[in-house]
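Source file: input.cif. Holds: mmCIF, C-alpha atoms.
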data_entry
loop_
_atom_site.label_atom_id
_atom_site.label_comp_id
_atom_site.auth_asym_id
_atom_site.auth_seq_id
_atom_site.Cartn_x
_atom_site.Cartn_y
_atom_site.Cartn_z
CA MET A 13 35.83 94.66 -7.08
CA ARG A 14 38.25 95.80 -4.41
CA GLY A 15 41.23 98.08 -4.46
CA ASP A 16 44.00 98.68 -1.96
CA ARG A 17 46.49 101.40 -2.76
CA ARG A 18 49.61 103.45 -1.81
CA LEU A 19 50.28 107.26 -1.86
CA PHE A 20 46.64 107.87 -1.20
CA SER A 21 47.19 104.79 0.95
CA ASN A 22 44.57 102.46 2.37
CA VAL A 23 42.09 102.96 -0.38
CA SER A 24 39.82 99.97 -0.25
CA PHE A 25 36.37 99.51 -1.67
CA THR A 26 34.07 96.96 -3.18
CA LEU A 27 31.76 97.73 -6.05
CA PRO A 28 28.67 95.52 -6.35
CA PRO A 29 26.93 94.80 -9.68
CA GLY A 30 24.95 97.88 -10.61
CA GLY A 31 27.22 99.92 -8.37
CA PHE A 32 28.43 103.41 -9.12
CA MET A 33 31.40 105.15 -7.61
CA GLN A 34 32.38 108.75 -7.96
CA LEU A 35 36.01 109.64 -7.34
CA THR A 36 36.57 113.16 -6.11
CA GLY A 37 39.51 115.02 -4.65
CA PRO A 38 41.67 118.03 -5.43
CA ASN A 39 43.84 118.18 -8.55
CA GLY A 40 46.81 115.88 -8.20
CA SER A 41 45.25 113.72 -5.52
CA GLY A 42 45.55 110.67 -7.75
CA LYS A 43 42.13 110.18 -9.28
CA THR A 44 43.57 109.46 -12.69
CA SER A 45 46.28 107.23 -11.23
CA LEU A 46 43.71 105.22 -9.33
CA LEU A 47 41.61 104.76 -12.47
CA ARG A 48 44.68 103.75 -14.48
CA ILE A 49 45.65 101.27 -11.81
CA ILE A 50 42.18 99.76 -11.81
CA ALA A 51 42.33 99.58 -15.61
CA GLY A 52 45.68 97.81 -15.40
CA LEU A 53 47.65 100.54 -17.18
CA MET A 54 49.71 101.16 -14.02
CA GLN A 55 50.88 98.86 -11.29
CA PRO A 56 50.09 99.71 -7.66
CA GLU A 57 53.04 100.07 -5.30
CA SER A 58 51.31 97.58 -3.06
CA GLY A 59 47.88 96.08 -2.85
CA GLU A 60 45.75 94.50 -5.50
CA ILE A 61 42.69 94.83 -7.65
CA ARG A 62 40.28 91.94 -7.72
CA TRP A 63 37.70 91.22 -10.35
CA GLN A 64 34.96 88.79 -9.33
CA GLY A 65 37.25 87.52 -6.60
CA ALA A 66 40.31 86.91 -8.79
CA LYS A 67 43.35 89.15 -9.05
CA THR A 68 43.23 91.22 -12.23
CA SER A 69 46.93 90.63 -12.83
CA THR A 70 46.29 86.91 -13.19
CA LEU A 71 43.11 87.37 -15.22
CA ALA A 72 44.95 89.66 -17.65
CA GLU A 73 43.16 89.47 -21.01
CA GLU A 74 39.93 88.13 -19.58
CA TYR A 75 39.74 91.21 -17.36
CA SER A 76 40.49 93.52 -20.30
CA ARG A 77 37.46 92.04 -22.02
CA SER A 78 35.27 93.20 -19.12
CA ILE A 79 36.32 96.83 -18.87
CA THR A 80 36.19 100.01 -20.89
CA TYR A 81 38.53 102.82 -19.93
CA ILE A 82 38.14 106.31 -21.35
CA GLY A 83 40.80 108.70 -20.12
CA HIS A 84 41.64 112.36 -20.54
CA ARG A 85 42.85 111.72 -24.02
CA ASN A 86 39.98 110.70 -26.21
CA GLY A 87 41.68 108.07 -28.31
CA VAL A 88 40.14 109.63 -31.39
CA LYS A 89 42.27 109.75 -34.54
CA GLU A 90 42.12 113.12 -36.28
CA GLU A 91 42.36 111.59 -39.75
CA LEU A 92 39.45 109.20 -39.29
CA ASN A 93 35.78 110.14 -39.23
CA SER A 94 33.58 109.31 -36.26
CA ILE A 95 32.24 106.07 -37.68
CA GLU A 96 35.72 104.84 -38.54
CA ASN A 97 37.00 105.90 -35.15
CA LEU A 98 34.24 104.05 -33.37
CA ARG A 99 34.52 100.90 -35.46
CA VAL A 100 38.31 100.78 -35.22
CA ALA A 101 38.25 101.39 -31.45
CA SER A 102 35.68 98.63 -31.05
CA GLY A 103 37.64 96.28 -33.29
CA ILE A 104 40.81 96.86 -31.29
CA ALA A 105 38.85 96.32 -28.07
CA GLY A 106 37.79 92.93 -29.44
CA ALA A 107 34.10 93.76 -29.99
CA GLU A 108 33.57 94.44 -33.67
CA ILE A 109 30.54 96.47 -34.65
CA THR A 110 28.84 97.17 -37.96
CA HIS A 111 28.58 100.45 -39.78
CA GLU A 112 24.92 100.75 -38.67
CA ASP A 113 25.73 100.08 -35.00
CA ALA A 114 28.30 102.84 -35.13
CA ARG A 115 25.90 105.26 -36.80
CA ASP A 116 23.17 104.58 -34.23
CA ALA A 117 25.56 105.06 -31.32
CA LEU A 118 26.80 108.34 -32.77
CA ALA A 119 23.24 109.52 -33.32
CA ARG A 120 22.51 108.85 -29.67
CA VAL A 121 25.38 111.12 -28.54
CA GLY A 122 24.15 113.81 -30.89
CA LEU A 123 26.61 113.46 -33.76
CA ALA A 124 24.03 112.54 -36.41
CA GLY A 125 24.95 114.23 -39.68
CA ARG A 126 28.57 114.71 -38.63
CA GLU A 127 29.60 111.08 -38.55
CA ASN A 128 31.45 111.31 -41.85
CA LEU A 129 33.59 114.30 -40.93
CA PRO A 130 37.21 113.60 -40.09
CA ALA A 131 37.69 114.19 -36.37
CA ARG A 132 40.03 117.12 -36.97
CA PHE A 133 37.01 119.13 -38.13
CA LEU A 134 35.13 118.40 -34.91
CA SER A 135 35.20 120.60 -31.84
CA GLU A 136 36.73 119.35 -28.61
CA GLY A 137 33.31 118.56 -27.19
CA GLN A 138 32.24 116.72 -30.32
CA ARG A 139 35.42 114.64 -30.19
CA ARG A 140 34.62 113.80 -26.61
CA ARG A 141 31.13 112.74 -27.65
CA SER A 142 32.61 110.63 -30.40
CA ALA A 143 34.90 108.91 -27.85
CA LEU A 144 32.06 108.37 -25.39
CA ALA A 145 29.89 106.77 -28.08
CA ARG A 146 32.04 103.71 -27.36
CA LEU A 147 30.16 103.28 -24.10
CA ILE A 148 27.00 102.54 -26.05
CA THR A 149 28.56 99.85 -28.22
CA CYS A 150 31.20 98.29 -25.97
CA GLY A 151 29.05 95.88 -23.93
CA THR A 152 31.59 95.64 -21.09
CA LYS A 153 30.68 95.30 -17.41
CA LEU A 154 32.91 97.90 -15.80
CA TRP A 155 33.39 101.43 -17.08
CA LEU A 156 36.30 103.54 -15.90
CA LEU A 157 35.77 107.13 -16.92
CA ASP A 158 38.15 109.99 -16.26
CA GLU A 159 36.66 113.50 -16.15
CA VAL A 160 33.79 112.18 -18.18
CA LEU A 161 31.99 115.51 -18.52
CA ALA A 162 35.08 117.54 -19.47
CA SER A 163 34.39 119.80 -22.47
CA LEU A 164 30.85 118.45 -22.85
CA ASP A 165 27.93 120.87 -22.98
CA HIS A 166 24.86 120.53 -20.80
CA ALA A 167 22.87 118.47 -23.30
CA ALA A 168 25.71 116.04 -23.92
CA GLY A 169 26.25 115.71 -20.18
CA LYS A 170 22.60 114.69 -19.81
CA ILE A 171 22.96 112.07 -22.53
CA ILE A 172 26.04 110.57 -20.95
CA GLU A 173 24.39 110.51 -17.53
CA SER A 174 21.45 108.61 -18.96
CA VAL A 175 23.78 106.19 -20.78
CA ILE A 176 25.59 105.50 -17.50
CA SER A 177 22.32 105.14 -15.56
CA GLN A 178 21.01 102.66 -18.11
CA HIS A 179 24.26 100.69 -17.91
CA LEU A 180 23.96 100.51 -14.11
CA ASN A 181 20.34 99.40 -14.27
CA GLN A 182 21.41 96.50 -16.44
CA GLY A 183 23.84 95.37 -13.75
CA GLY A 184 26.89 97.20 -15.06
CA MET A 185 29.37 99.08 -12.91
CA ALA A 186 31.04 102.44 -13.31
CA ILE A 187 33.81 104.32 -11.59
CA VAL A 188 33.91 107.95 -12.62
CA ALA A 189 36.44 110.60 -11.64
CA THR A 190 34.85 114.03 -11.74
CA HIS A 191 34.22 117.14 -9.68
CA GLN A 192 30.90 117.87 -11.21
CA GLU A 193 27.64 116.77 -9.70
CA LEU A 194 26.41 113.73 -11.58
CA HIS A 195 22.76 112.83 -11.81
CA ILE A 196 23.06 109.10 -11.88
CA TYR A 197 20.42 106.67 -10.75
CA ALA A 198 22.16 103.68 -9.30
CA GLY A 199 21.25 100.89 -6.90
CA SER A 200 24.42 101.62 -5.01
CA PHE A 201 26.08 105.02 -5.07
CA GLN A 202 29.46 105.53 -3.40
CA ARG A 203 31.70 108.55 -3.23
CA LEU A 204 35.41 108.23 -2.64
CA GLU A 205 37.24 111.40 -1.69
CA LEU A 206 40.98 111.14 -2.24
CA GLU A 207 43.08 113.19 0.17
CA PRO A 208 45.96 115.18 -1.29
CA GLY A 209 49.15 113.13 -0.91
CA ALA A 210 51.32 113.97 2.11
CA PRO A 211 54.36 116.08 1.18
CA GLY A 212 57.44 113.90 0.82
CA GLY A 213 55.29 110.79 0.58
CA ALA A 214 55.97 107.90 -1.76
CA GLY A 215 56.44 109.00 -5.36
CA ALA A 216 54.21 107.54 -8.01
CA MET B 27 42.16 92.64 -33.90
CA PHE B 28 45.51 92.31 -35.71
CA ARG B 29 43.59 92.99 -38.92
CA TRP B 30 41.98 96.12 -37.45
CA ILE B 31 45.34 97.53 -36.41
CA VAL B 32 46.92 96.91 -39.80
CA ALA B 33 43.90 98.28 -41.68
CA ARG B 34 43.76 101.32 -39.44
CA ASP B 35 47.44 102.12 -39.82
CA LEU B 36 47.28 101.71 -43.59
CA THR B 37 44.28 104.08 -43.75
CA LEU B 38 46.07 106.61 -41.57
CA ALA B 39 49.20 106.38 -43.70
CA TRP B 40 47.14 106.92 -46.84
CA ARG B 41 45.56 110.05 -45.34
CA ARG B 42 48.98 111.29 -44.29
CA ARG B 43 50.75 110.43 -47.51
CA ALA B 44 53.27 113.25 -47.17
CA ASP B 45 54.96 111.51 -44.22
CA VAL B 46 55.42 108.33 -46.19
CA LEU B 47 56.65 110.08 -49.31
CA SER B 48 59.16 112.16 -47.37
CA THR B 49 60.83 108.98 -46.10
CA LEU B 50 61.02 107.60 -49.60
CA PHE B 51 62.43 110.81 -51.06
CA PHE B 52 64.95 110.99 -48.26
CA PHE B 53 66.19 107.54 -49.22
CA VAL B 54 66.36 108.37 -52.91
CA ILE B 55 68.16 111.66 -52.37
CA VAL B 56 70.71 110.38 -49.86
CA ALA B 57 71.58 107.43 -52.09
CA SER B 58 71.75 109.67 -55.19
CA LEU B 59 74.12 112.18 -53.61
CA PHE B 60 77.00 109.72 -53.76
CA PRO B 61 77.15 109.19 -57.54
CA LEU B 62 76.81 112.96 -57.95
CA GLY B 63 79.54 113.69 -55.45
CA ILE B 64 82.01 111.06 -56.60
CA GLY B 65 81.57 111.52 -60.33
CA PRO B 66 81.63 108.95 -63.12
CA GLU B 67 84.15 106.53 -61.63
CA THR B 68 82.27 103.36 -62.39
CA GLN B 69 84.59 101.00 -60.55
CA LEU B 70 84.56 102.99 -57.34
CA LEU B 71 80.79 103.56 -57.48
CA ARG B 72 80.15 99.90 -58.04
CA SER B 73 82.20 98.89 -55.03
CA ILE B 74 80.59 101.38 -52.63
CA ALA B 75 77.03 100.85 -53.92
CA PRO B 76 75.94 98.09 -51.49
CA GLY B 77 77.11 100.01 -48.45
CA VAL B 78 75.64 103.32 -49.59
CA VAL B 79 72.21 101.92 -50.44
CA TRP B 80 72.04 99.99 -47.20
CA VAL B 81 73.14 102.94 -45.05
CA ALA B 82 70.56 105.14 -46.77
CA ALA B 83 67.92 102.51 -45.99
CA LEU B 84 68.92 102.45 -42.32
CA LEU B 85 68.71 106.23 -42.04
CA ALA B 86 65.38 106.37 -43.86
CA SER B 87 63.92 103.78 -41.52
CA MET B 88 65.04 105.86 -38.51
CA LEU B 89 62.94 108.71 -39.91
CA SER B 90 59.73 106.71 -40.02
CA LEU B 91 60.28 104.82 -36.77
CA GLY B 92 60.05 107.99 -34.71
CA ARG B 93 56.40 108.14 -35.72
CA LEU B 94 55.61 104.49 -35.08
CA PHE B 95 53.95 105.03 -31.70
CA ALA B 96 54.25 108.80 -31.15
CA ASN B 97 50.92 109.84 -32.70
CA ASP B 98 48.96 107.06 -31.03
CA TYR B 99 50.58 107.97 -27.76
CA GLN B 100 49.59 111.60 -28.02
CA ASP B 101 45.93 111.11 -28.84
CA GLY B 102 45.41 108.28 -26.38
CA THR B 103 44.77 105.46 -28.85
CA LEU B 104 47.89 103.63 -27.64
CA GLU B 105 46.34 103.37 -24.17
CA GLN B 106 43.33 101.70 -25.72
CA MET B 107 45.58 99.27 -27.56
CA LEU B 108 47.21 98.29 -24.28
CA LEU B 109 43.78 97.46 -22.91
CA THR B 110 42.84 95.13 -25.74
CA PRO B 111 41.91 91.59 -24.71
CA GLN B 112 44.46 90.21 -27.14
CA PRO B 113 48.16 89.81 -26.34
CA LEU B 114 50.05 93.06 -26.73
CA TYR B 115 52.56 91.10 -28.83
CA LEU B 116 49.98 90.97 -31.64
CA VAL B 117 49.18 94.68 -31.38
CA VAL B 118 52.84 95.55 -31.71
CA LEU B 119 53.36 93.07 -34.53
CA GLY B 120 50.40 94.60 -36.38
CA LYS B 121 51.78 98.09 -36.07
CA ILE B 122 55.26 96.99 -37.17
CA PHE B 123 53.84 95.11 -40.13
CA ALA B 124 51.88 98.18 -41.26
CA GLN B 125 54.93 100.40 -40.78
CA TRP B 126 57.01 98.01 -42.87
CA LEU B 127 54.41 97.88 -45.64
CA VAL B 128 54.07 101.64 -45.76
CA SER B 129 57.60 102.90 -45.17
CA GLU B 130 59.98 100.11 -46.10
CA VAL B 131 58.38 98.26 -49.01
CA PRO B 132 58.40 101.30 -51.35
CA LEU B 133 62.06 101.73 -50.51
CA VAL B 134 62.82 98.08 -51.33
CA LEU B 135 61.00 98.45 -54.65
CA ILE B 136 62.86 101.58 -55.66
CA ALA B 137 66.29 100.36 -54.55
CA PRO B 138 67.07 98.59 -57.88
CA LEU B 139 66.56 101.93 -59.66
CA ILE B 140 69.07 103.50 -57.28
CA GLY B 141 71.41 100.60 -58.01
CA ILE B 142 71.37 101.47 -61.71
CA GLN B 143 72.85 104.88 -60.86
CA PHE B 144 75.80 103.01 -59.41
CA GLY B 145 76.22 100.90 -62.51
CA LEU B 146 75.24 97.59 -60.92
CA GLY B 147 74.44 94.59 -63.14
CA ALA B 148 71.08 92.82 -63.28
CA ASN B 149 72.18 89.97 -61.04
CA THR B 150 73.53 92.35 -58.42
CA LEU B 151 70.35 94.40 -58.51
CA LEU B 152 68.33 91.28 -57.85
CA ILE B 153 70.40 90.40 -54.78
CA LEU B 154 70.22 94.02 -53.57
CA PHE B 155 66.45 93.74 -53.80
CA VAL B 156 66.33 90.38 -52.02
CA SER B 157 68.71 91.45 -49.25
CA LEU B 158 66.60 94.55 -48.58
CA LEU B 159 63.42 92.50 -48.67
CA ILE B 160 64.73 90.23 -45.92
CA GLY B 161 66.60 92.98 -44.08
CA THR B 162 64.09 95.81 -43.84
CA PRO B 163 61.59 93.90 -41.65
CA ILE B 164 64.46 93.41 -39.20
CA LEU B 165 65.00 97.18 -39.19
CA SER B 166 61.33 97.77 -38.38
CA LEU B 167 61.27 95.08 -35.70
CA ILE B 168 64.42 96.20 -33.90
CA GLY B 169 63.56 99.86 -34.39
CA SER B 170 60.19 99.40 -32.71
CA ILE B 171 61.98 98.62 -29.45
CA GLY B 172 63.70 102.01 -29.60
CA ALA B 173 60.45 103.71 -30.58
CA GLY B 174 58.74 102.15 -27.57
CA LEU B 175 61.50 103.05 -25.14
CA THR B 176 61.82 106.68 -26.21
CA LEU B 177 58.07 107.32 -26.28
CA GLY B 178 57.13 110.64 -24.75
CA LEU B 179 60.72 111.75 -24.24
CA ARG B 180 61.97 115.07 -25.49
CA GLY B 181 64.50 114.66 -28.27
CA GLY B 182 63.30 111.10 -28.69
CA GLY B 183 64.28 111.09 -32.37
CA VAL B 184 67.99 111.46 -31.69
CA LEU B 185 67.79 109.00 -28.84
CA ILE B 186 66.21 106.36 -31.07
CA ALA B 187 69.11 106.75 -33.49
CA LEU B 188 71.67 106.35 -30.71
CA LEU B 189 69.89 103.32 -29.28
CA ILE B 190 69.04 101.53 -32.48
CA LEU B 191 71.72 102.27 -35.07
CA PRO B 192 74.33 100.15 -33.23
CA LEU B 193 71.88 97.26 -33.24
CA TYR B 194 71.48 97.66 -37.00
CA ILE B 195 75.16 96.95 -37.58
CA PRO B 196 74.84 93.17 -38.09
CA VAL B 197 71.99 93.72 -40.55
CA LEU B 198 74.09 96.27 -42.43
CA ILE B 199 77.11 93.96 -42.58
CA PHE B 200 75.26 90.93 -43.87
CA GLY B 201 72.88 92.89 -46.08
CA ALA B 202 75.61 94.85 -47.82
CA GLY B 203 77.81 91.74 -47.65
CA ALA B 204 75.36 89.75 -49.75
CA VAL B 205 75.46 92.37 -52.51
CA ASP B 206 79.24 92.65 -52.24
CA ALA B 207 79.52 88.91 -52.68
CA VAL B 208 77.77 89.05 -56.06
CA ILE B 209 79.94 91.95 -57.18
CA VAL B 210 83.15 90.03 -56.46
CA GLY B 211 81.65 86.92 -58.01
CA THR B 212 80.99 84.65 -55.02
CA SER B 213 77.71 83.29 -53.69
CA PRO B 214 75.57 85.61 -51.54
CA ALA B 215 73.76 82.62 -50.00
CA ALA B 216 75.60 82.58 -46.66
CA ASN B 217 74.89 86.26 -46.03
CA LEU B 218 71.25 85.92 -46.99
CA TYR B 219 70.76 82.88 -44.77
CA LEU B 220 72.24 84.74 -41.83
CA LEU B 221 69.99 87.70 -42.57
CA ALA B 222 66.98 85.37 -42.64
CA ALA B 223 68.07 83.90 -39.29
CA PHE B 224 68.18 87.43 -37.84
CA LEU B 225 64.70 88.03 -39.20
CA VAL B 226 63.29 84.95 -37.46
CA LEU B 227 65.03 85.87 -34.24
CA SER B 228 63.78 89.45 -34.25
CA LEU B 229 60.26 88.33 -35.18
CA VAL B 230 60.17 86.27 -32.02
CA PHE B 231 61.83 88.64 -29.59
CA ALA B 232 61.43 92.23 -30.82
CA PRO B 233 57.62 92.61 -30.51
CA TRP B 234 57.82 91.11 -27.06
CA ALA B 235 60.53 93.58 -26.00
CA THR B 236 58.60 96.45 -27.58
CA ALA B 237 55.45 95.44 -25.70
CA ALA B 238 57.38 95.56 -22.44
CA ALA B 239 58.86 98.96 -23.40
CA LEU B 240 55.39 100.34 -24.16
CA ARG B 241 54.04 99.20 -20.80
CA ILE B 242 56.87 101.05 -19.09
CA SER B 243 56.46 104.18 -21.23
CA LEU B 244 52.74 104.40 -20.55
CA GLU B 245 52.92 103.98 -16.77
#
Let's see the structure in the file written out as C-alpha cells.
Amino acid sequence: MRGDRRLFSNVSFTLPPGGFMQLTGPNGSGKTSLLRIIAGLMQPESGEIRWQGAKTSTLAEEYSRSITYIGHRNGVKEELNSIENLRVASGIAGAEITHEDARDALARVGLAGRENLPARFLSEGQRRRSALARLITCGTKLWLLDEVLASLDHAAGKIIESVISQHLNQGGMAIVATHQELHIYAGSFQRLELEPGAPGGAGA
Amino acid sequence: MFRWIVARDLTLAWRRRADVLSTLFFFVIVASLFPLGIGPETQLLRSIAPGVVWVAALLASMLSLGRLFANDYQDGTLEQMLLTPQPLYLVVLGKIFAQWLVSEVPLVLIAPLIGIQFGLGANTLLILFVSLLIGTPILSLIGSIGAGLTLGLRGGGVLIALLILPLYIPVLIFGAGAVDAVIVGTSPAANLYLLAAFLVLSLVFAPWATAAALRISLE
C-alpha cells in the first residue's frame, strides 16, 4: 500500500502484510485527512493510493471490503444498544454477524453486562469501546484508526493494543493516528511524522 | 445491506416516535386550518381542497427531510455507510425508502380524513389518496438531494426549502391536478400517469445525485 500526498506533500510509504504504521504530528498537521484519504472518504489533490498494486479509485467497492475505518466520531447510534450497534454496523459493512458474535466481541472489550443498554446511557469511553468492538468482528485486512485510544482508560487501551497486535500477527495491517505511545508487536513498525503545513500552502 | 439500512432506520424511527408524530400532526393541523379559517363555504372548500392538502404534504415532507442524513452525519454512521462495499446508490435508496415509510405513508393514509373536512366525495378521496401515494415517494427522492447538499451547513433547514420546493412544483401541479380533475368531472388518468413517470425518473436519478452530494458534503 503506497500513498503520495499534497499539503503535507511527498508523503509516500508502503505497508507490508503484518505492517503497522503510526501517524504522528502536531494538531492540524493532517493525520485525520491522510487517514480519510487512504479510506477513500476524501480525494487527494494529487497522487494515489494503491491496494495490492491497483489504484483504490478503480477498485472501489472491492477495496471497501478490505478496510475498516474508525474515525473521531464513533458511528454509534444513541438509540441502539451495543449489540444492535455492532450488528447493524457489520451488516452495513457487508459482513453480517450473529447475536452471539456481537456479544462475544463486546465481552472482549469489557462491555459484558452492558450490551443491552442503549448507547446514550454509556459513557464516552464505553461508546468508544463499543465502536472498537467492530475490529474484532470485521475480518478486514487494513485497519485505519483515528485517535484510537481517545477517551479509553488504561485497561481498555491494553485490550485494543492486544487486538491490534493479534490482527498484525495474522497478516493484517493497521495505520493508526495517535500521539500516545502504543505497545504493539508487529513484524514491521513504521512511524510517519507529519510536518505542520507551510503557511499559505495549498488548502485542503 | 439495503435490508440492514431500512431495518435500522425503522428501529430508530420507532425509538424516536415523537419526531415522526410531529410531522404527521403538522400536516393535519396545517390542512385543518383552512376549513376553520374559511368557514362553512362548501363550494369554495371543495375547490381549494386538492391544493391545500398537497401543499401541506409538501411542507410536512420538508420537516422530515432535514433529519434524513443529519443525525447519521453527526454521530459518524454516515461515514461508515459511505465505506460500505455496496454501491452508495443502494444505501441512499434504503434511507429514502425508510424515510418514506415512516414520514410519508402515515400522511397518505390520513389524507382522506382531511379530505372529508373539505367535503370531498368518496371518488375524489380515492384519487387524493392515489395521487399522494404516487407523489410522496417523489418528494422523498427529490428532497434527499437537498438534504445531502445542505448537510452540515448552518441554517440547512431553510436552505433545503429554498432548494427543493421549486423542484416540487411539477409534483404539486400534477398531484393536485389529478384531484381537481375528478372534482370537475374529468378523468384524472393523464395527471396520474405523468406523476408515475416523474416517480420512475426520480427513482433512477435522485439517489444517484444524492450519493454524489453526500460524497461532497463528507469531504
In Å to one decimal, how far is atom CA of B:Ala223 from atom CA of B:Thr176?
-> 27.0 Å
Select all residues from chain A having any atom no more than 8 Å from an atom of chain B (counting all atoms listed in the file, ignoring ligands), output as an NGL selection string.
-> :A and (51-55 or 72-77 or 81 or 83 or 85-89 or 91-92 or 100-101 or 103-106)
Selected residues, C-alpha atoms, written as a PDB file, keeping the file's coordinate frame, please.
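Wrote it out as selection.pdb, contents follow:
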ATOM      1  CA  ALA A  51      42.330  99.580 -15.610  1.00  0.00           C
ATOM      2  CA  GLY A  52      45.680  97.810 -15.400  1.00  0.00           C
ATOM      3  CA  LEU A  53      47.650 100.540 -17.180  1.00  0.00           C
ATOM      4  CA  MET A  54      49.710 101.160 -14.020  1.00  0.00           C
ATOM      5  CA  GLN A  55      50.880  98.860 -11.290  1.00  0.00           C
ATOM      6  CA  ALA A  72      44.950  89.660 -17.650  1.00  0.00           C
ATOM      7  CA  GLU A  73      43.160  89.470 -21.010  1.00  0.00           C
ATOM      8  CA  GLU A  74      39.930  88.130 -19.580  1.00  0.00           C
ATOM      9  CA  TYR A  75      39.740  91.210 -17.360  1.00  0.00           C
ATOM     10  CA  SER A  76      40.490  93.520 -20.300  1.00  0.00           C
ATOM     11  CA  ARG A  77      37.460  92.040 -22.020  1.00  0.00           C
ATOM     12  CA  TYR A  81      38.530 102.820 -19.930  1.00  0.00           C
ATOM     13  CA  GLY A  83      40.800 108.700 -20.120  1.00  0.00           C
ATOM     14  CA  ARG A  85      42.850 111.720 -24.020  1.00  0.00           C
ATOM     15  CA  ASN A  86      39.980 110.700 -26.210  1.00  0.00           C
ATOM     16  CA  GLY A  87      41.680 108.070 -28.310  1.00  0.00           C
ATOM     17  CA  VAL A  88      40.140 109.630 -31.390  1.00  0.00           C
ATOM     18  CA  LYS A  89      42.270 109.750 -34.540  1.00  0.00           C
ATOM     19  CA  GLU A  91      42.360 111.590 -39.750  1.00  0.00           C
ATOM     20  CA  LEU A  92      39.450 109.200 -39.290  1.00  0.00           C
ATOM     21  CA  VAL A 100      38.310 100.780 -35.220  1.00  0.00           C
ATOM     22  CA  ALA A 101      38.250 101.390 -31.450  1.00  0.00           C
ATOM     23  CA  GLY A 103      37.640  96.280 -33.290  1.00  0.00           C
ATOM     24  CA  ILE A 104      40.810  96.860 -31.290  1.00  0.00           C
ATOM     25  CA  ALA A 105      38.850  96.320 -28.070  1.00  0.00           C
ATOM     26  CA  GLY A 106      37.790  92.930 -29.440  1.00  0.00           C
TER      27      GLY A 106
END
Using the chain letters and numbers from the file, give me the residues hit by the PyMOL selection byres ((chain B and resi 81) around 10), as a list in words.
->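 Listing what the PyMOL selection byres ((chain B and resi 81) around 10) selects in the shown file: Phe53, Val56, Ala57, Ala75, Pro76, Gly77, Val78, Val79, Trp80, Ala82, Ala83, Leu84, Leu85, Ala86, Ser87, Tyr194, Ile195, Leu198 and Ala202 of chain B.
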Evaluate the PyMOL selection byres ((chain B and resi 196) around 12) and record the selected residues as a ChimeraX atom specification, following the chain and residue labels used in the document.
-> /B:80,84,161,164-165,168,190-195,197-203,217,220-225
Identify which of the residues A:Leu156, A:Ala145, A:Leu118, A:Ile82 lies closest to A:Met185, counting all atoms listed in the file when measuring atom-to-atom distances.
->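 Counting all atoms listed in the file, the residue closest to A:Met185 is A:Leu156.
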Please write as a PyMOL selection string the full residue list that the PyMOL selection byres ((chain A and resi 174) around 12) yields on this file.
-> chain A and resi 120-121+147-148+167-173+175-181+194-198
Expressed in Å to a single decimal, how great is the separation between atom CA of A:Leu129 and atom CA of B:Arg43?
->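 Rounded to one decimal, the two atoms are 18.8 Å apart.
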For stretch 18-32 of chain A, work out the shell of residues within 10 Å, counting only C-alpha atoms and skipping chain neighbours fewer than 5 positions away, then give it as a ChimeraX atom specification.
-> /A:13,41-43,46,56-64,153-155,176-188,196-210,213-216
Selection from above, C-alpha atoms, as a tab-separated table (two decimals), in the coordinates of the input, can you write it?
chain	number	residue	atom	x	y	z
A	13	MET	CA	35.83	94.66	-7.08
A	41	SER	CA	45.25	113.72	-5.52
A	42	GLY	CA	45.55	110.67	-7.75
A	43	LYS	CA	42.13	110.18	-9.28
A	46	LEU	CA	43.71	105.22	-9.33
A	56	PRO	CA	50.09	99.71	-7.66
A	57	GLU	CA	53.04	100.07	-5.30
A	58	SER	CA	51.31	97.58	-3.06
A	59	GLY	CA	47.88	96.08	-2.85
A	60	GLU	CA	45.75	94.50	-5.50
A	61	ILE	CA	42.69	94.83	-7.65
A	62	ARG	CA	40.28	91.94	-7.72
A	63	TRP	CA	37.70	91.22	-10.35
A	64	GLN	CA	34.96	88.79	-9.33
A	153	LYS	CA	30.68	95.30	-17.41
A	154	LEU	CA	32.91	97.90	-15.80
A	155	TRP	CA	33.39	101.43	-17.08
A	176	ILE	CA	25.59	105.50	-17.50
A	177	SER	CA	22.32	105.14	-15.56
A	178	GLN	CA	21.01	102.66	-18.11
A	179	HIS	CA	24.26	100.69	-17.91
A	180	LEU	CA	23.96	100.51	-14.11
A	181	ASN	CA	20.34	99.40	-14.27
A	182	GLN	CA	21.41	96.50	-16.44
A	183	GLY	CA	23.84	95.37	-13.75
A	184	GLY	CA	26.89	97.20	-15.06
A	185	MET	CA	29.37	99.08	-12.91
A	186	ALA	CA	31.04	102.44	-13.31
A	187	ILE	CA	33.81	104.32	-11.59
A	188	VAL	CA	33.91	107.95	-12.62
A	196	ILE	CA	23.06	109.10	-11.88
A	197	TYR	CA	20.42	106.67	-10.75
A	198	ALA	CA	22.16	103.68	-9.30
A	199	GLY	CA	21.25	100.89	-6.90
A	200	SER	CA	24.42	101.62	-5.01
A	201	PHE	CA	26.08	105.02	-5.07
A	202	GLN	CA	29.46	105.53	-3.40
A	203	ARG	CA	31.70	108.55	-3.23
A	204	LEU	CA	35.41	108.23	-2.64
A	205	GLU	CA	37.24	111.40	-1.69
A	206	LEU	CA	40.98	111.14	-2.24
A	207	GLU	CA	43.08	113.19	0.17
A	208	PRO	CA	45.96	115.18	-1.29
A	209	GLY	CA	49.15	113.13	-0.91
A	210	ALA	CA	51.32	113.97	2.11
A	213	GLY	CA	55.29	110.79	0.58
A	214	ALA	CA	55.97	107.90	-1.76
A	215	GLY	CA	56.44	109.00	-5.36
A	216	ALA	CA	54.21	107.54	-8.01
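Residues lying at most 9 Å from (72.3, 106.8, -60.9) in file coordinates, with only C-alpha atoms considered, are B:Ala57, B:Ser58, B:Pro61, B:Leu62, B:Leu139, B:Ile140, B:Gly141, B:Ile142, B:Gln143, B:Phe144, B:Gly145.
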Would you list the contacts of stretch 131-133 of chain B as a list of chain:residue names, taking every protein, DNA or RNA residue within 8 Å and counting all atoms listed in the file, but skipping same-chain residues closer than 4 positions in sequence?
->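 So, after excluding close chain neighbours, the residues are B:Leu50, B:Phe53, B:Ala83, B:Trp126, B:Leu127, B:Ala137, B:Leu159.
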Could the residues in this selection be saved with C-alpha atoms as a CSV table (one decimal), in the frame of the given file?
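out23.csv, written as the output of this step:
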chain,number,residue,atom,x,y,z
B,50,LEU,CA,61.0,107.6,-49.6
B,53,PHE,CA,66.2,107.5,-49.2
B,83,ALA,CA,67.9,102.5,-46.0
B,126,TRP,CA,57.0,98.0,-42.9
B,127,LEU,CA,54.4,97.9,-45.6
B,137,ALA,CA,66.3,100.4,-54.6
B,159,LEU,CA,63.4,92.5,-48.7
